[in-house]
>>> print(open('coords13.cif').read())   # mmCIF, C-alpha atoms and all ligand atoms
data_data
#
loop_
_atom_site.label_atom_id
_atom_site.label_comp_id
_atom_site.auth_asym_id
_atom_site.auth_seq_id
_atom_site.Cartn_x
_atom_site.Cartn_y
_atom_site.Cartn_z
CA MET A 1081 105.71 107.67 74.12
CA ALA A 1082 104.41 110.75 75.87
CA VAL A 1083 104.12 112.23 79.32
CA ARG A 1084 100.41 112.71 79.95
CA GLU A 1085 98.71 115.16 82.29
CA ILE A 1086 97.91 113.78 85.75
CA ILE A 1087 94.44 114.73 86.93
CA GLU A 1088 94.01 115.90 90.52
CA VAL A 1089 91.31 116.16 93.17
CA PRO A 1090 88.53 117.20 93.02
CA ASP A 1091 88.32 115.96 89.40
CA PRO A 1092 85.21 113.72 89.36
CA ARG A 1093 86.90 111.26 86.98
CA LEU A 1094 89.03 110.09 89.93
CA ARG A 1095 85.77 108.70 91.39
CA GLU A 1096 84.95 106.56 88.33
CA LYS A 1097 85.19 102.79 88.48
CA SER A 1098 87.62 101.70 85.77
CA ALA A 1099 86.65 98.99 83.27
CA PRO A 1100 88.56 95.71 82.84
CA VAL A 1101 90.90 95.37 79.86
CA ASP A 1102 89.77 92.51 77.61
CA ALA A 1103 92.70 92.37 75.19
CA ILE A 1104 96.28 93.52 75.41
CA ASP A 1105 96.54 95.31 72.09
CA ASP A 1106 98.70 98.15 70.77
CA GLU A 1107 96.45 100.71 72.44
CA VAL A 1108 96.96 99.14 75.87
CA ARG A 1109 100.72 98.79 75.27
CA SER A 1110 100.91 102.43 74.25
CA LEU A 1111 98.90 103.46 77.35
CA VAL A 1112 101.28 101.46 79.59
CA SER A 1113 104.30 103.04 77.93
CA ASP A 1114 102.88 106.57 78.42
CA MET A 1115 102.04 105.70 82.03
CA PHE A 1116 105.64 104.67 82.76
CA GLU A 1117 106.92 107.86 81.19
CA THR A 1118 104.42 109.96 83.18
CA MET A 1119 105.23 108.15 86.44
CA TYR A 1120 109.00 108.56 86.02
CA ALA A 1121 108.60 112.23 85.10
CA ALA A 1122 106.38 113.02 88.11
CA PRO A 1123 108.29 111.31 89.82
CA GLY A 1124 106.23 108.59 91.50
CA ILE A 1125 106.45 104.90 92.37
CA GLY A 1126 103.06 103.91 90.96
CA LEU A 1127 100.31 105.15 88.65
CA ALA A 1128 96.77 104.02 87.82
CA ALA A 1129 95.38 104.68 84.32
CA ILE A 1130 92.53 106.82 85.67
CA GLN A 1131 95.16 109.33 86.87
CA VAL A 1132 95.85 110.04 83.21
CA ALA A 1133 92.07 110.10 82.60
CA GLU A 1134 91.86 106.56 81.11
CA PRO A 1135 89.20 104.55 82.97
CA ARG A 1136 90.84 101.15 82.35
CA ARG A 1137 92.13 98.66 84.91
CA VAL A 1138 95.82 99.26 84.24
CA VAL A 1139 98.52 99.96 86.87
CA VAL A 1140 102.25 100.56 86.59
CA ILE A 1141 104.70 100.38 89.49
CA ASP A 1142 108.45 100.90 89.89
CA LEU A 1143 109.56 101.04 93.50
CA GLN A 1144 112.97 102.54 92.80
CA ASP A 1145 113.71 105.59 94.93
CA PRO A 1146 112.53 108.26 92.47
CA GLU A 1147 114.97 110.76 93.94
CA VAL A 1148 118.10 108.62 93.71
CA GLU A 1149 121.07 110.93 93.33
CA GLY A 1150 124.06 110.43 91.08
CA GLY A 1151 124.22 107.88 88.28
CA GLU A 1152 121.38 106.28 86.40
CA PRO A 1153 118.51 104.95 88.51
CA VAL A 1154 117.99 101.21 88.04
CA ARG A 1155 114.52 100.78 86.59
CA ARG A 1156 112.33 97.86 87.55
CA PRO A 1157 109.09 98.61 85.69
CA ARG A 1158 106.10 96.36 86.38
CA ALA A 1159 102.72 96.52 84.64
CA PHE A 1160 99.56 95.05 86.17
CA ILE A 1161 96.50 94.54 83.96
CA ASN A 1162 93.18 93.85 85.76
CA PRO A 1163 94.91 93.46 89.15
CA GLU A 1164 92.92 92.09 92.08
CA ILE A 1165 93.56 91.15 95.68
CA VAL A 1166 92.64 87.49 96.16
CA TRP A 1167 93.69 87.32 99.81
CA ALA A 1168 94.65 89.89 102.45
CA SER A 1169 96.12 89.41 105.92
CA ASP A 1170 94.12 90.45 108.99
CA ARG A 1171 97.10 92.34 110.33
CA THR A 1172 97.37 95.92 109.14
CA VAL A 1173 100.34 98.25 109.08
CA PRO A 1174 100.44 102.06 108.75
CA TYR A 1175 102.38 103.65 105.90
CA ASN A 1176 102.87 107.34 105.18
CA GLU A 1177 101.17 107.54 101.77
CA GLY A 1178 101.14 110.21 99.13
CA CYS A 1179 99.31 110.47 95.80
CA LEU A 1180 100.17 112.30 92.60
CA SER A 1181 96.50 113.30 92.34
CA ILE A 1182 96.66 114.93 95.82
CA PRO A 1183 99.99 116.74 95.36
CA GLU A 1184 102.46 117.12 98.24
CA GLN A 1185 100.10 115.71 100.89
CA TYR A 1186 100.98 112.72 103.05
CA ALA A 1187 99.19 110.79 105.77
CA GLU A 1188 99.45 107.44 107.53
CA VAL A 1189 97.07 104.88 106.04
CA ASP A 1190 96.40 101.44 107.58
CA ARG A 1191 96.25 98.53 105.14
CA PRO A 1192 96.75 94.76 105.28
CA ASP A 1193 100.52 94.13 105.60
CA ARG A 1194 100.44 91.13 103.23
CA VAL A 1195 98.29 90.35 100.21
CA ARG A 1196 98.05 87.76 97.47
CA ALA A 1197 97.44 89.53 94.16
CA ARG A 1198 96.40 88.24 90.74
CA TRP A 1199 96.82 90.16 87.47
CA THR A 1200 97.58 89.75 83.80
CA ASP A 1201 101.02 90.77 82.55
CA LEU A 1202 101.79 92.48 79.23
CA GLU A 1203 102.27 89.09 77.56
CA GLY A 1204 98.73 88.14 78.51
CA GLN A 1205 99.90 85.69 81.16
CA VAL A 1206 97.87 85.48 84.39
CA ARG A 1207 100.21 85.91 87.37
CA GLU A 1208 99.73 85.46 91.08
CA GLU A 1209 102.11 86.55 93.83
CA GLU A 1210 102.10 87.07 97.57
CA MET A 1211 103.64 90.40 98.52
CA ASP A 1212 104.50 92.59 101.47
CA GLY A 1213 106.34 95.84 102.11
CA LEU A 1214 106.13 98.82 99.78
CA LEU A 1215 104.90 96.78 96.79
CA CYS A 1216 101.97 95.56 98.90
CA VAL A 1217 101.11 99.13 99.99
CA CYS A 1218 101.49 100.57 96.51
CA LEU A 1219 99.46 97.93 94.66
CA GLN A 1220 96.58 98.32 97.15
CA HIS A 1221 96.74 102.12 96.67
CA GLU A 1222 96.60 101.66 92.87
CA ILE A 1223 93.76 99.12 92.93
CA ASP A 1224 91.83 101.62 95.08
CA HIS A 1225 92.21 104.16 92.22
CA LEU A 1226 90.66 101.63 89.81
CA ASP A 1227 87.63 101.59 92.12
CA GLY A 1228 87.46 105.38 92.49
CA VAL A 1229 88.93 105.32 96.01
CA LEU A 1230 91.61 107.76 97.23
CA PHE A 1231 93.90 107.27 100.23
CA THR A 1232 92.14 110.16 101.98
CA ASP A 1233 88.95 108.04 102.01
CA ARG A 1234 90.76 105.71 104.40
CA LEU A 1235 91.54 108.45 106.96
CA SER A 1236 89.41 109.67 109.85
CA ARG A 1237 87.26 112.65 108.94
CA LEU A 1238 89.49 114.94 111.01
CA LYS A 1239 92.67 113.80 109.26
CA ARG A 1240 91.01 113.94 105.83
CA GLU A 1241 89.89 117.52 106.47
CA MET A 1242 93.40 118.42 107.60
CA VAL A 1243 94.87 117.03 104.37
CA MET A 1244 92.34 118.87 102.20
CA LYS A 1245 92.96 122.11 104.08
CA LYS A 1246 96.73 121.75 103.65
CA LEU A 1247 96.22 120.98 99.95
CA ALA A 1248 94.21 124.19 99.49
CA LYS A 1249 96.98 126.10 101.26
CA TYR A 1250 99.67 124.45 99.14
CA ARG A 1251 97.80 125.29 95.94
CA ALA A 1252 97.21 128.90 96.98
CA ALA A 1253 100.92 129.30 97.77
CA ASN A 1254 101.98 127.71 94.46
CA LYS A 1255 99.44 129.38 92.19
CA ALA A 1256 101.04 130.58 88.95
CA ALA A 1257 101.41 134.35 89.09
O1 LIG B 1301 104.34 108.04 94.14
C1 LIG B 1301 103.60 107.56 94.99
N1 LIG B 1301 104.09 107.25 96.21
C2 LIG B 1301 103.39 106.52 97.16
C3 LIG B 1301 103.88 106.51 98.46
C4 LIG B 1301 103.25 105.77 99.42
C5 LIG B 1301 102.12 105.05 99.11
C6 LIG B 1301 101.61 105.07 97.82
C7 LIG B 1301 102.24 105.78 96.86
S1 LIG B 1301 101.63 105.79 95.23
C8 LIG B 1301 102.16 107.36 94.69
C9 LIG B 1301 101.82 107.58 93.23
C10 LIG B 1301 100.33 107.56 93.05
O2 LIG B 1301 99.60 108.47 93.32
N2 LIG B 1301 99.81 106.44 92.61
O3 LIG B 1301 98.48 106.32 92.46
NI NI B 1302 97.61 107.69 93.93
#
>>> encode(input="coords13.cif", output="structure tokens", more="lines below")
Ligand code: GNR
Ligand code: NI
Amino acid sequence: MAVREIIEVPDPRLREKSAPVDAIDDEVRSLVSDMFETMYAAPGIGLAAIQVAEPRRVVVIDLQDPEVEGGEPVRRPRAFINPEIVWASDRTVPYNEGCLSIPEQYAEVDRPDRVRARWTDLEGQVREEEMDGLLCVCLQHEIDHLDGVLFTDRLSRLKREMVMKKLAKYRAANKAA
């Protein structure tokens, strides 16, 4: 197990389309395990493999409040191999999204409020589930990463430029001396 480095914009690898996983072998299990460790360390509620520079269709999610105070956080880790949206509602809902590859920047993104997703679990079993709420938002955000799409792509040009300007400011202010 290891915490891996999370790549950030404008790294061109974040624009790659990730390749499907064809067998859940030790390499995939080890990638998933490193992804959980990296996500918990960040901390974040989701991570796509491309964020640790692995262009494979692998996502991990744990919706626990990453900043829970006092006591041990209850961990509910979920791994999604080759996840896809098989149905999405017409109704959309805004959610204030962030991304570990666009550090400390947040903006409201509209997405379908309900989806039916299909994926393979770590045992190789194909699963299908209808979801809403934060899981629905997060899985759509992660599947976007697998297709080289960032949440800023879903903003108006004005809002996207505001986020990128604030990111530049944040980085300048936090540059190592
Ligand atoms: O940690 C994360 N929080 C988050 C909040 C709202 C919507 C999506 C997310 S995912 C993000 C981690 C990340 O960048 N995953 O790709
Ligand atoms: Ni992200």
>>> closest_atom_pairs(input="coords13.cif", of="chain A", to="ligand NI 1302 (chain B)", cutoff="10 Å", atoms="only C-alpha atoms and all ligand atoms", output="Markdown table")
| residue | atom | partner | partner_atom | distance |
| --- | --- | --- | --- | --- |
| A:Glu1088 | CA | B:NI1302 | NI | 9.6 |
| A:Leu1094 | CA | B:NI1302 | NI | 9.8 |
| A:Gly1124 | CA | B:NI1302 | NI | 9.0 |
| A:Ile1125 | CA | B:NI1302 | NI | 9.4 |
| A:Gly1126 | CA | B:NI1302 | NI | 7.3 |
| A:Leu1127 | CA | B:NI1302 | NI | 6.5 |
| A:Ala1128 | CA | B:NI1302 | NI | 7.2 |
| A:Ile1130 | CA | B:NI1302 | NI | 9.7 |
| A:Gln1131 | CA | B:NI1302 | NI | 7.7 |
| A:Glu1177 | CA | B:NI1302 | NI | 8.6 |
| A:Gly1178 | CA | B:NI1302 | NI | 6.8 |
| A:Cys1179 | CA | B:NI1302 | NI | 3.8 |
| A:Leu1180 | CA | B:NI1302 | NI | 5.4 |
| A:Ser1181 | CA | B:NI1302 | NI | 5.9 |
| A:Ile1182 | CA | B:NI1302 | NI | 7.5 |
| A:Pro1183 | CA | B:NI1302 | NI | 9.5 |
| A:Cys1218 | CA | B:NI1302 | NI | 8.5 |
| A:Leu1219 | CA | B:NI1302 | NI | 10.0 |
| A:Gln1220 | CA | B:NI1302 | NI | 10.0 |
| A:His1221 | CA | B:NI1302 | NI | 6.3 |
| A:Glu1222 | CA | B:NI1302 | NI | 6.2 |
| A:Ile1223 | CA | B:NI1302 | NI | 9.4 |
| A:Asp1224 | CA | B:NI1302 | NI | 8.5 |
| A:His1225 | CA | B:NI1302 | NI | 6.7 |
| A:Val1229 | CA | B:NI1302 | NI | 9.2 |
| A:Leu1230 | CA | B:NI1302 | NI | 6.8 |
| A:Phe1231 | CA | B:NI1302 | NI | 7.3 |
>>> atom_distance(input="coords13.cif", atom1="CA of Arg1234 in chain A", atom2="CA of Asp1201 in chain A")
28.4 Å
>>> axis_aligned_box(input="coords13.cif", around="ligand LIG 1301 (chain B)", padding_each_side="6 Å", output="lines of an AutoDock Vina configuration file")
center_x = 101.4
center_y = 106.8
center_z = 95.9
size_x = 17.9
size_y = 15.4
size_z = 19.0
>>> residues_near_point(input="coords13.cif", point="(96.4, 93.1, 109.4)", cutoff="10 Å", atoms="only C-alpha atoms", output="JSON list (two decimals) with C-alpha atoms, in the coordinates of the input")
[["chain", "number", "residue", "atom", "x", "y", "z"],
["A", 1168, "ALA", "CA", 94.65, 89.89, 102.45],
["A", 1169, "SER", "CA", 96.12, 89.41, 105.92],
["A", 1170, "ASP", "CA", 94.12, 90.45, 108.99],
["A", 1171, "ARG", "CA", 97.10, 92.34, 110.33],
["A", 1172, "THR", "CA", 97.37, 95.92, 109.14],
["A", 1173, "VAL", "CA", 100.34, 98.25, 109.08],
["A", 1174, "PRO", "CA", 100.44, 102.06, 108.75],
["A", 1190, "ASP", "CA", 96.40, 101.44, 107.58],
["A", 1191, "ARG", "CA", 96.25, 98.53, 105.14],
["A", 1192, "PRO", "CA", 96.75, 94.76, 105.28],
["A", 1193, "ASP", "CA", 100.52, 94.13, 105.60],
["A", 1194, "ARG", "CA", 100.44, 91.13, 103.23],
["A", 1195, "VAL", "CA", 98.29, 90.35, 100.21]]
>>> residues_around(input="coords13.cif", residues="Val1138 in chain A", least_positions_apart="5", cutoff="6 Å", atoms="all atoms listed in the file", output="list in words")
Ala1129, Phe1160 and Ile1161 of chain A
>>> residues_around(input="coords13.cif", residues="Ala1103 in chain A", least_positions_apart="6", cutoff="12 Å", atoms="only C-alpha atoms", output="VMD selection string")
chain A and resid 1109 1136 to 1138 1161 to 1162 1200 to 1205
>>> atom_distance(input="coords13.cif", atom1="atom O2 of ligand LIG 1301 (chain B)", atom2="CA of Phe1116 in chain A")
12.7 Å
>>> atom_distance(input="coords13.cif", atom1="atom N2 of ligand LIG 1301 (chain B)", atom2="CA of Pro1090 in chain A")
15.6 Å
>>> decode(input="coords13.cif", residues="range 1186-1199 of chain A", atoms="all heavy atoms", output="compact mmCIF listing (two decimals), in the first residue's frame")
# COMPACT_ATOMS: atom_id res chain seq x y z
N TYR A 1186 -13.89 25.44 -5.91
CA TYR A 1186 -15.24 24.85 -5.86
C TYR A 1186 -16.16 25.66 -6.76
O TYR A 1186 -16.02 26.87 -6.88
CB TYR A 1186 -15.77 24.86 -4.42
CG TYR A 1186 -14.88 24.05 -3.51
CD1 TYR A 1186 -13.78 24.63 -2.87
CD2 TYR A 1186 -15.11 22.69 -3.32
CE1 TYR A 1186 -12.94 23.87 -2.07
CE2 TYR A 1186 -14.27 21.93 -2.52
CZ TYR A 1186 -13.19 22.53 -1.90
OH TYR A 1186 -12.34 21.77 -1.12
N ALA A 1187 -17.12 24.96 -7.38
CA ALA A 1187 -18.12 25.66 -8.18
C ALA A 1187 -19.34 24.76 -8.33
O ALA A 1187 -19.23 23.52 -8.27
CB ALA A 1187 -17.55 26.03 -9.55
N GLU A 1188 -20.49 25.39 -8.52
CA GLU A 1188 -21.74 24.64 -8.68
C GLU A 1188 -21.80 24.03 -10.07
O GLU A 1188 -21.70 24.74 -11.08
CB GLU A 1188 -22.94 25.60 -8.52
CG GLU A 1188 -22.98 26.29 -7.18
CD GLU A 1188 -24.10 25.76 -6.30
OE1 GLU A 1188 -25.25 25.68 -6.80
OE2 GLU A 1188 -23.82 25.43 -5.13
N VAL A 1189 -21.99 22.71 -10.11
CA VAL A 1189 -22.09 21.98 -11.37
C VAL A 1189 -23.48 21.35 -11.43
O VAL A 1189 -23.94 20.76 -10.45
CB VAL A 1189 -21.02 20.88 -11.45
CG1 VAL A 1189 -21.12 20.11 -12.77
CG2 VAL A 1189 -19.62 21.47 -11.28
N ASP A 1190 -24.16 21.47 -12.58
CA ASP A 1190 -25.45 20.82 -12.78
C ASP A 1190 -25.25 19.44 -13.38
O ASP A 1190 -24.56 19.29 -14.39
CB ASP A 1190 -26.31 21.64 -13.75
CG ASP A 1190 -26.85 22.90 -13.10
OD1 ASP A 1190 -27.47 22.77 -12.03
OD2 ASP A 1190 -26.63 24.00 -13.64
N ARG A 1191 -25.87 18.43 -12.75
CA ARG A 1191 -25.82 17.07 -13.30
C ARG A 1191 -27.17 16.40 -13.04
O ARG A 1191 -27.91 16.83 -12.15
CB ARG A 1191 -24.76 16.22 -12.57
CG ARG A 1191 -23.34 16.72 -12.69
CD ARG A 1191 -22.41 15.71 -12.02
NE ARG A 1191 -21.05 16.21 -11.90
CZ ARG A 1191 -20.11 16.06 -12.84
NH1 ARG A 1191 -20.39 15.43 -13.97
NH2 ARG A 1191 -18.89 16.51 -12.65
N PRO A 1192 -27.46 15.33 -13.79
CA PRO A 1192 -28.69 14.57 -13.51
C PRO A 1192 -28.76 14.20 -12.03
O PRO A 1192 -27.74 13.81 -11.43
CB PRO A 1192 -28.53 13.32 -14.38
CG PRO A 1192 -27.68 13.77 -15.52
CD PRO A 1192 -26.73 14.79 -14.94
N ASP A 1193 -29.95 14.33 -11.42
CA ASP A 1193 -30.06 14.09 -9.97
C ASP A 1193 -30.19 12.62 -9.61
O ASP A 1193 -30.13 12.26 -8.44
CB ASP A 1193 -31.20 14.93 -9.37
CG ASP A 1193 -32.58 14.42 -9.73
OD1 ASP A 1193 -32.69 13.61 -10.70
OD2 ASP A 1193 -33.56 14.82 -9.09
N ARG A 1194 -30.40 11.77 -10.64
CA ARG A 1194 -30.55 10.33 -10.42
C ARG A 1194 -29.95 9.60 -11.61
O ARG A 1194 -30.20 10.00 -12.74
CB ARG A 1194 -32.05 10.03 -10.34
CG ARG A 1194 -32.46 9.19 -9.19
CD ARG A 1194 -33.94 8.82 -9.18
NE ARG A 1194 -33.97 7.50 -8.62
CZ ARG A 1194 -33.77 7.24 -7.33
NH1 ARG A 1194 -33.63 8.22 -6.48
NH2 ARG A 1194 -33.75 6.00 -6.89
N VAL A 1195 -29.17 8.56 -11.35
CA VAL A 1195 -28.64 7.75 -12.45
C VAL A 1195 -28.74 6.27 -12.10
O VAL A 1195 -28.80 5.90 -10.92
CB VAL A 1195 -27.15 8.08 -12.79
CG1 VAL A 1195 -26.99 9.54 -13.19
CG2 VAL A 1195 -26.21 7.69 -11.67
N ARG A 1196 -28.74 5.46 -13.14
CA ARG A 1196 -28.57 4.01 -12.96
C ARG A 1196 -27.17 3.71 -13.47
O ARG A 1196 -26.84 4.03 -14.60
CB ARG A 1196 -29.65 3.28 -13.75
CG ARG A 1196 -29.64 1.80 -13.51
CD ARG A 1196 -30.96 1.14 -13.96
NE ARG A 1196 -30.97 -0.21 -13.44
CZ ARG A 1196 -31.33 -0.54 -12.20
NH1 ARG A 1196 -31.77 0.37 -11.39
NH2 ARG A 1196 -31.26 -1.78 -11.77
N ALA A 1197 -26.34 3.12 -12.61
CA ALA A 1197 -24.94 2.85 -12.98
C ALA A 1197 -24.70 1.35 -13.04
O ALA A 1197 -25.36 0.58 -12.34
CB ALA A 1197 -24.02 3.49 -11.95
N ARG A 1198 -23.76 0.96 -13.89
CA ARG A 1198 -23.34 -0.44 -13.98
C ARG A 1198 -21.82 -0.46 -13.86
O ARG A 1198 -21.14 0.41 -14.41
CB ARG A 1198 -23.78 -1.03 -15.33
CG ARG A 1198 -23.47 -2.52 -15.47
CD ARG A 1198 -23.85 -3.03 -16.86
NE ARG A 1198 -25.30 -2.91 -17.08
CZ ARG A 1198 -25.86 -2.70 -18.27
NH1 ARG A 1198 -25.12 -2.55 -19.35
NH2 ARG A 1198 -27.17 -2.64 -18.38
N TRP A 1199 -21.29 -1.43 -13.13
CA TRP A 1199 -19.83 -1.55 -12.97
C TRP A 1199 -19.50 -2.97 -12.59
O TRP A 1199 -20.39 -3.79 -12.34
CB TRP A 1199 -19.34 -0.56 -11.89
CG TRP A 1199 -19.77 -0.89 -10.50
CD1 TRP A 1199 -19.08 -1.61 -9.57
CD2 TRP A 1199 -21.02 -0.54 -9.87
NE1 TRP A 1199 -19.81 -1.72 -8.41
CE2 TRP A 1199 -20.99 -1.07 -8.57
CE3 TRP A 1199 -22.15 0.18 -10.29
CZ2 TRP A 1199 -22.06 -0.93 -7.68
CZ3 TRP A 1199 -23.20 0.33 -9.40
CH2 TRP A 1199 -23.15 -0.22 -8.12
